[in-house]
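Data first, discussion second: the structure below is written as structure tokens.
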Amino acid sequence: MLNVVDIIVKTSYHRDMDKILRINPTFDSKLTNAVFELEKLRYSEVNGSTPPWLFFDLKEIMHFLESIASARIEGNRTTLVSAADDVVNAGNNSDNESLLELRNIREGIAFIENSVTDGTRIDLNMIRELHKITVKELTEDGSKTPGKFRTEDVKIEKSSHMPPNHTAVQGLMSDLVDYINEDTGHQYDIIKIATAHHRFTAIHPFDNGNGRTARLLTYAMLVRYGFIDNTIRFLNPSSIFCMDRNEYYKKLEKADSGVESEIESWCLYVADGILDEVTRVSKLLNKKYTVDNILLPVIKEARRNKHISDIEFEILTIAMDEDLIQAADVRHLFGTSASARVQTSRVLAGMKEKKLLMSHPKSPNKYVIRFANNHLLGGVLKGMAANDLLPATPDAV
């Protein structure tokens with residue numbers, strides 16, 4: 001029973017590197033209550049109405065939002081809808097610095113999902129690789145030494161916190177990964193995620209890109225501790241930090257003091273952010289809710305605006321209802337003429353090319369709907385915003 005959370009953290013917030021901080025929230029504290037709630041949700045079954053097409057498209061959109069959110073914290077003012085258009089149209093071929101930054105964060109997420117599972121050890125090599133991915137090909141906000149710890153002392157802009165001497169970084173980061181991987185019981189995981197994020201930013205181990213790397217590290221920890229996986233659940237961890245950029249920095253700076261109450265306040269900030277995100281995702285993973293409130297209105301608007309044809313609208317409606325369709329399921333839309341079969345095939349092929357549909361990986365002649373494309377994505381983001389499901393500040397849309 002979680003009567004007292006007693007997490008020992010070797011802090012680096014002050015010049016006293018051996019200072020030990022013990023976080024001891026009381027049984028009836030807000031932090032302890034948040035930990036209890038998250039423990040109930042961590043291994044709970046995800047809503048059974050979630051079809052695979054909905055899960056994977058929403059996950060792709062959440063990864064997109066993650067990259068936008070993390071970049072916005074760093075000062076990139078790209079808006080969600082315009083960035084959606086830019087990223088979908090430019091793909092990975094853009095030389096725009098802002099879009100490259102978004103691409104890098106998405107690649108960092110993909111790296112984590114290919115490298116980390118529940119229980120995977122997070123080590124220094126992984127953190128260095130995350131940094132290398134984060135700053136790849138960036139000139140204005142890149143790094144002189146991608147993937148390498150800083151060899152000079154630094155000062156954090158607009159912060160009174162002084163990171164430790166560069167000679168201490170290697171040892172402090174080794175302590176940090178030991179702490180992350182230490183077996184302290186699952187009930188402490190959220191506190192470890194929060195304190196590890198803060199400690200990473202306090203150490204400031206790289207010459208640049210520390211905030212983005214810290215948020216990717218948070219994503220990796222959420223995967224390692226079982227809050228995210230590749231088959232049934234996802235979260236947008238930067239939603240914890242991007243709802244209010246100023247609040248994020250203010251909470252971090254107060255925690256820099258090393259005062260136990262401020263560290264506990266930071267942990268509560270992170271725990272509440274994860275709880276809010278779990279609530280948003282649970283709504284999105286309910287097929288009826290998402291179709292009725294977001295997807296159906298989006299494809300209706302796309303038809304009105306001539307972004308999709310009437311026949312494409314009808315096929316998408318059937319695909320949302322049936323989850324998995326084949327040519328025979330929509331052939332009636334083309335009449336009874338001898339050419340109906342040819343017309344059906346031609347239209348389905350065109351919808352695949354526009355990424356409105358995709359072939360099922362195991363059944364090439366069957367299709368599922370896609371909405372993470374340049375015809376529908378902007379509308380989906382607006383629909384999510386209208387339903388208070390975007391983890392972004394109001395000016396982000």
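By order of appearance in the structure tokens: chains A, B, ..., then residues from 1 within every chain, and ligands from 1 in the order shown.
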
_Quick one: residues within 9 Å of range 261-271 of chain A, only C-alpha atoms, excluding same-chain residues fewer than 4 positions away - as an MDAnalysis selection string?_
chainID A and resid 23:25 30:32 34:35 38 190:195 198 240:241 248 251:252 254:257 275:276

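Taking CA of Ala214 in chain A as the reference point, CA of Glu129 in chain A is found at 12.4 Å.
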
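Near Asp123 in chain A, within a cut-off of 12 Å and counting only C-alpha atoms, sit the residues Ser115, Val116, Ile127, Arg128, Glu129, Leu130, Met173, Ser174, Asp175, Leu176, Val177, Asp178, Tyr179, Ile180, Asn181, Glu182, Leu217, Ala220, Met221 and Arg224 of chain A, with same-chain residues fewer than 4 positions away left out.
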
Suppose we keep C-alpha atoms; can you now write the selection as a PDB file, in the first residue's frame?
```
ATOM      1  CA  SER A 115      13.866  -0.058 -29.338  1.00  0.00           C
ATOM      2  CA  VAL A 116      11.915   0.057 -26.079  1.00  0.00           C
ATOM      3  CA  ILE A 127      19.896   8.844 -24.671  1.00  0.00           C
ATOM      4  CA  ARG A 128      22.820   9.902 -26.871  1.00  0.00           C
ATOM      5  CA  GLU A 129      21.072   8.440 -29.906  1.00  0.00           C
ATOM      6  CA  LEU A 130      17.872  10.323 -29.061  1.00  0.00           C
ATOM      7  CA  MET A 173      23.970  10.907 -16.254  1.00  0.00           C
ATOM      8  CA  SER A 174      25.205   7.454 -15.222  1.00  0.00           C
ATOM      9  CA  ASP A 175      23.479   7.966 -11.867  1.00  0.00           C
ATOM     10  CA  LEU A 176      20.333   9.055 -13.702  1.00  0.00           C
ATOM     11  CA  VAL A 177      20.083   5.934 -15.873  1.00  0.00           C
ATOM     12  CA  ASP A 178      20.715   3.761 -12.805  1.00  0.00           C
ATOM     13  CA  TYR A 179      17.830   5.546 -11.121  1.00  0.00           C
ATOM     14  CA  ILE A 180      15.549   5.123 -14.149  1.00  0.00           C
ATOM     15  CA  ASN A 181      16.233   1.389 -14.316  1.00  0.00           C
ATOM     16  CA  GLU A 182      16.215   0.737 -10.569  1.00  0.00           C
ATOM     17  CA  LEU A 217      13.245  10.385 -22.797  1.00  0.00           C
ATOM     18  CA  ALA A 220      10.759   6.178 -23.593  1.00  0.00           C
ATOM     19  CA  MET A 221      10.103   5.913 -19.859  1.00  0.00           C
ATOM     20  CA  ARG A 224       9.384   1.180 -20.418  1.00  0.00           C
TER      21      ARG A 224
END
```

Report the residues of range 162-396 of chain A whose backbone DSSP state falls under strand (DSSP E or B), written as a JSON list (two decimals) with C-alpha atoms, in the first residue's frame.
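Result saved to out_0.json:
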```
[["chain", "number", "residue", "atom", "x", "y", "z"],
["A", 325, "ILE", "CA", -14.09, -3.54, -46.85],
["A", 326, "GLN", "CA", -13.47, -5.08, -50.25],
["A", 357, "LEU", "CA", -7.78, 4.12, -48.02],
["A", 358, "MET", "CA", -4.97, 1.64, -47.47],
["A", 359, "SER", "CA", -4.70, -2.05, -48.24],
["A", 360, "HIS", "CA", -4.86, -4.35, -45.26],
["A", 363, "SER", "CA", -5.21, -8.93, -47.26],
["A", 364, "PRO", "CA", -4.15, -6.72, -50.21],
["A", 365, "ASN", "CA", -7.63, -6.82, -51.75],
["A", 366, "LYS", "CA", -9.27, -5.47, -48.61],
["A", 367, "TYR", "CA", -9.17, -1.87, -47.43],
["A", 368, "VAL", "CA", -9.36, 0.28, -44.30],
["A", 369, "ILE", "CA", -10.00, 4.00, -44.07]]
```

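In this model, the gap between CA of Arg212 in chain A and CA of Ala71 in chain A comes to 7.4 Å.
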
*Within 8 Å of range 295-312 of chain A, counting only C-alpha atoms, which residues qualify if same-chain residues fewer than 2 places away don't, as a VMD selection string?*
chain A and resid 290 to 293 314 to 317 333 347 351 375 to 376 379 to 380 383

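The two atoms in question, CA of Arg103 in chain A and CA of Leu216 in chain A, are spaced 13.2 Å apart.
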
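Each of A:Asn208, A:Leu58, A:His63, A:Gly350 was checked against Glu113 in chain A using only C-alpha atoms; the smallest atom-to-atom distance is that of A:His63.
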
*Give me the residues within 8 Å of Ile105 in chain A as a count of residues only, counting only C-alpha atoms and dropping any in the same chain fewer than 6 places off.*
7

*Smallest atom-to-atom distance to Ile61 in chain A: which of A:Phe334, A:Glu140, A:Arg106, A:Thr145, using only C-alpha atoms?*
A:Arg106

*asked:* Residues near Lys132 in chain A, anyone? I mean within 10 Å using only C-alpha atoms, not counting same-chain ones fewer than 6 positions away, as a ChimeraX atom specification.
replied: /A:104,108,126,142-143,145-148,209,213

*Find the residues near Val169 in chain A: any atom within 12 Å, counting only C-alpha atoms, skip ones fewer than 2 places away on the same chain, and give them as a PyMOL selection string.*
chain A and resi 12+17+124+148-154+163-167+171-176+199-207
